[in-house]
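Asks: Sharing a structure below in structure tokens format, with a few things to ask.
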Amino acid sequence: MEAKINSLASRLVESNHSQETEEEDNDAIFAQLEAEIENDDNVAFREHGLTQLRLQAIKLKEMQQNAHGTYTEITNEKEVVRISANEPRCIIHFYHNNFRRCEIMDKHLAKLAPKYFATRFIRVFVENVPWLVERLTIKVLPCVICFVDGVSKDRLIGFEELGNSDAFETAVLELRFSQTGVLQKTDTPFNLTYSASAKGKLRMEDKDDAEFDLDD
């Protein structure tokens with residue numbers, strides 16, 4: 001029964017992967033799924049399925065309101081800290097307008113954001129977040145940091161680990177992030193949650209960075 005519920009809810013999740021999905025379309029899909037559950041012969045499935053589907057719809061709407069499925073810019077430093085600490089999974093691109101490779105990274109992340117609705121994707125101009133730049137020892141751009149439950153799980157500095165080429169495929173970046181757990185396919189939709197991490201604090205793994213290179 002759980003597998004059937006997840007299958008139905010997956011369709012609701014998939015409908016939110018497109019940035020162009022209208023709220024009316026979401027309502028129509030929900031109504032269709034609700035009707036399928038109500039018409040099922042299994043009484044237990046009808047009761048449990050409707051409850052779970054409605055909970056999932058609430059979660060998805062909340063995540064939409066928090067810009068899931070989009071690649072957005074955050075200019076407030078405190079908001080960046082809040083997002084990195086509270087989102088179950090998020091990817092933050094620290095960029096500067098003077099670096100062409102930051103623009104390339106933007107294009108790839110913009111492609112991934114609608115595909116992985118459960119992960120929050122944001123970009124941050126380094127001059128707007130001086131405390132974070134120092135706290136996270138960001139010295140080379142582009143710098144992409146992945147957080148899972150408020151903990152830094154991966155740091156991608158420049159393009160060296162992407163073949164040191166500007167022509168790398170989005171799939172290469174996708175594979176890299178998937179291995180850290182920050183990108184996950186929605187196999188079990190009801191596991192999607194949007195909640196604060198246990199401590200709600202920004203935590204990091206200790207890693208040595210490359211040398212300062214912001215003038216390149």
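Simple scheme: letters A, B, ... for chains in structure tokens order, numbers from 1 for residues in each chain, numbers from 1 for ligands in the order shown.
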What's around segment 160-169 of chain A at 9 Å? Count only C-alpha atoms, leave out sequence neighbours fewer than 6 positions away in its own chain, and write the answer as a list of chain:residue names.
Replies: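 Those residues are A:Arg101, A:Ile104, A:His108.
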Asks: Go ahead and dump the residues you just picked, N, CA, C and O atoms, as an mmCIF file, in the first residue's frame.
Replies:
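Generated output (again_38.cif):
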```cif
data_model
loop_
_atom_site.group_PDB
_atom_site.id
_atom_site.type_symbol
_atom_site.label_atom_id
_atom_site.label_comp_id
_atom_site.auth_asym_id
_atom_site.auth_seq_id
_atom_site.Cartn_x
_atom_site.Cartn_y
_atom_site.Cartn_z
ATOM 1 N N ARG A 101 34.108 32.342 -14.952
ATOM 2 C CA ARG A 101 33.777 30.973 -14.555
ATOM 3 C C ARG A 101 32.616 30.930 -13.561
ATOM 4 O O ARG A 101 31.936 29.909 -13.448
ATOM 5 N N ILE A 104 29.619 30.630 -15.702
ATOM 6 C CA ILE A 104 29.475 29.259 -16.201
ATOM 7 C C ILE A 104 28.848 28.376 -15.131
ATOM 8 O O ILE A 104 27.938 27.578 -15.405
ATOM 9 N N HIS A 108 25.012 26.059 -14.960
ATOM 10 C CA HIS A 108 24.847 24.647 -14.598
ATOM 11 C C HIS A 108 23.923 24.490 -13.388
ATOM 12 O O HIS A 108 23.055 23.602 -13.368
#
```
Asks: How would you write, as a list in words, the set of residues in segment 45-172 of chain A that DSSP gives as strand (DSSP E)?
Replies: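 Taking segment 45-172 of chain A and keeping strand (DSSP E) only, one gets Tyr71, Thr72, Glu73, Arg89, Cys90, Ile91, Ile92, His93, Phe94, Tyr95, Arg120, Phe121, Ile122, Arg123, Val124, Phe125, Cys143, Val144, Ile145, Cys146, Phe147, Val148, Val151, Ser152, Lys153, Asp154, Arg155, Leu156 and Ile157 of chain A.
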Asks: Hey, can you spit out that residue selection with N, CA and C atoms as a short mmCIF file (atom, residue, chain, number, x, y, z; two decimals), in the first residue's frame?
Replies:
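Contents of out.cif, freshly written:
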```cif
data_model
loop_
_atom_site.label_atom_id
_atom_site.label_comp_id
_atom_site.auth_asym_id
_atom_site.auth_seq_id
_atom_site.Cartn_x
_atom_site.Cartn_y
_atom_site.Cartn_z
N TYR A 71 16.75 28.69 -8.78
CA TYR A 71 18.11 29.12 -8.43
C TYR A 71 18.04 30.61 -8.16
N THR A 72 18.14 31.00 -6.91
CA THR A 72 17.89 32.39 -6.52
C THR A 72 19.10 33.03 -5.87
N GLU A 73 19.13 34.35 -5.93
CA GLU A 73 20.21 35.11 -5.28
C GLU A 73 19.74 35.63 -3.93
N ARG A 89 18.92 20.19 2.80
CA ARG A 89 19.97 20.11 1.77
C ARG A 89 20.01 21.42 1.01
N CYS A 90 21.18 22.01 0.88
CA CYS A 90 21.29 23.24 0.09
C CYS A 90 22.68 23.35 -0.54
N ILE A 91 22.71 24.04 -1.67
CA ILE A 91 23.95 24.29 -2.42
C ILE A 91 24.09 25.80 -2.56
N ILE A 92 25.24 26.32 -2.14
CA ILE A 92 25.48 27.76 -2.17
C ILE A 92 26.67 28.06 -3.08
N HIS A 93 26.43 28.91 -4.06
CA HIS A 93 27.49 29.35 -4.96
C HIS A 93 27.94 30.75 -4.56
N PHE A 94 29.17 30.86 -4.11
CA PHE A 94 29.77 32.15 -3.78
C PHE A 94 30.47 32.66 -5.04
N TYR A 95 30.04 33.82 -5.53
CA TYR A 95 30.52 34.28 -6.82
C TYR A 95 30.95 35.75 -6.77
N ARG A 120 17.78 23.15 -1.90
CA ARG A 120 17.72 24.60 -2.10
C ARG A 120 19.00 25.05 -2.81
N PHE A 121 18.86 25.80 -3.89
CA PHE A 121 19.99 26.32 -4.67
C PHE A 121 20.02 27.84 -4.55
N ILE A 122 21.13 28.39 -4.08
CA ILE A 122 21.24 29.85 -4.01
C ILE A 122 22.62 30.31 -4.47
N ARG A 123 22.68 31.56 -4.89
CA ARG A 123 23.94 32.21 -5.25
C ARG A 123 24.13 33.42 -4.37
N VAL A 124 25.40 33.71 -4.02
CA VAL A 124 25.70 34.78 -3.07
C VAL A 124 26.90 35.58 -3.58
N PHE A 125 26.72 36.88 -3.72
CA PHE A 125 27.81 37.76 -4.13
C PHE A 125 28.75 37.95 -2.93
N CYS A 143 33.28 29.28 -5.88
CA CYS A 143 33.31 28.36 -4.75
C CYS A 143 31.88 27.91 -4.47
N VAL A 144 31.67 26.61 -4.52
CA VAL A 144 30.33 26.05 -4.26
C VAL A 144 30.43 25.15 -3.03
N ILE A 145 29.61 25.43 -2.04
CA ILE A 145 29.62 24.64 -0.81
C ILE A 145 28.27 23.96 -0.64
N CYS A 146 28.31 22.66 -0.33
CA CYS A 146 27.10 21.87 -0.15
C CYS A 146 26.86 21.60 1.33
N PHE A 147 25.64 21.86 1.77
CA PHE A 147 25.28 21.64 3.16
C PHE A 147 24.17 20.59 3.26
N VAL A 148 24.32 19.67 4.20
CA VAL A 148 23.29 18.69 4.51
C VAL A 148 23.00 18.79 6.00
N VAL A 151 25.42 20.98 7.96
CA VAL A 151 26.84 20.58 7.97
C VAL A 151 27.42 20.67 6.56
N SER A 152 28.58 21.29 6.43
CA SER A 152 29.26 21.37 5.14
C SER A 152 29.78 19.99 4.75
N LYS A 153 29.26 19.46 3.62
CA LYS A 153 29.63 18.12 3.19
C LYS A 153 30.59 18.12 2.01
N ASP A 154 30.62 19.20 1.27
CA ASP A 154 31.50 19.23 0.09
C ASP A 154 31.79 20.67 -0.29
N ARG A 155 32.98 20.89 -0.84
CA ARG A 155 33.38 22.21 -1.29
C ARG A 155 34.07 22.08 -2.64
N LEU A 156 33.50 22.73 -3.64
CA LEU A 156 34.06 22.70 -4.98
C LEU A 156 34.69 24.04 -5.27
N ILE A 157 36.00 24.05 -5.46
CA ILE A 157 36.76 25.28 -5.65
C ILE A 157 37.28 25.33 -7.08
#
```
Asks: To one decimal place in Å, what is the distance between atom CA of Asn128 of chain A and atom CA of Asn76 of chain A?
Replies: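 These two atoms are separated by 7.1 Å.
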Asks: What is the atom CA of Ala113 of chain A-atom CA of Leu183 of chain A distance in Å, reported with one decimal?
Replies: 9.8 Å
Asks: Go through segment 56-177 of chain A and collect every residue that DSSP, computed from the backbone, puts in alpha helix (DSSP H); the answer should be as a count of residues only.
Replies: 47
Asks: In Å, how far is it from atom CA of Val182 of chain A to atom CA of Gly150 of chain A?
Replies: 11.2 Å
Asks: Find the spatial neighbours of Glu77 of chain A, counting only C-alpha atoms, within a cut-off of 12 Å - ignore same-chain residues fewer than 2 positions away - and output them as a count of residues only.
Replies: 22
Asks: Could you tell me which of A:Ala31, A:Thr170, A:Ile138, A:Asn39 comes closest to Lys107 of chain A if we count only C-alpha atoms?
Replies: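 Using only C-alpha atoms, the shortest distance to Lys107 of chain A belongs to A:Thr170.
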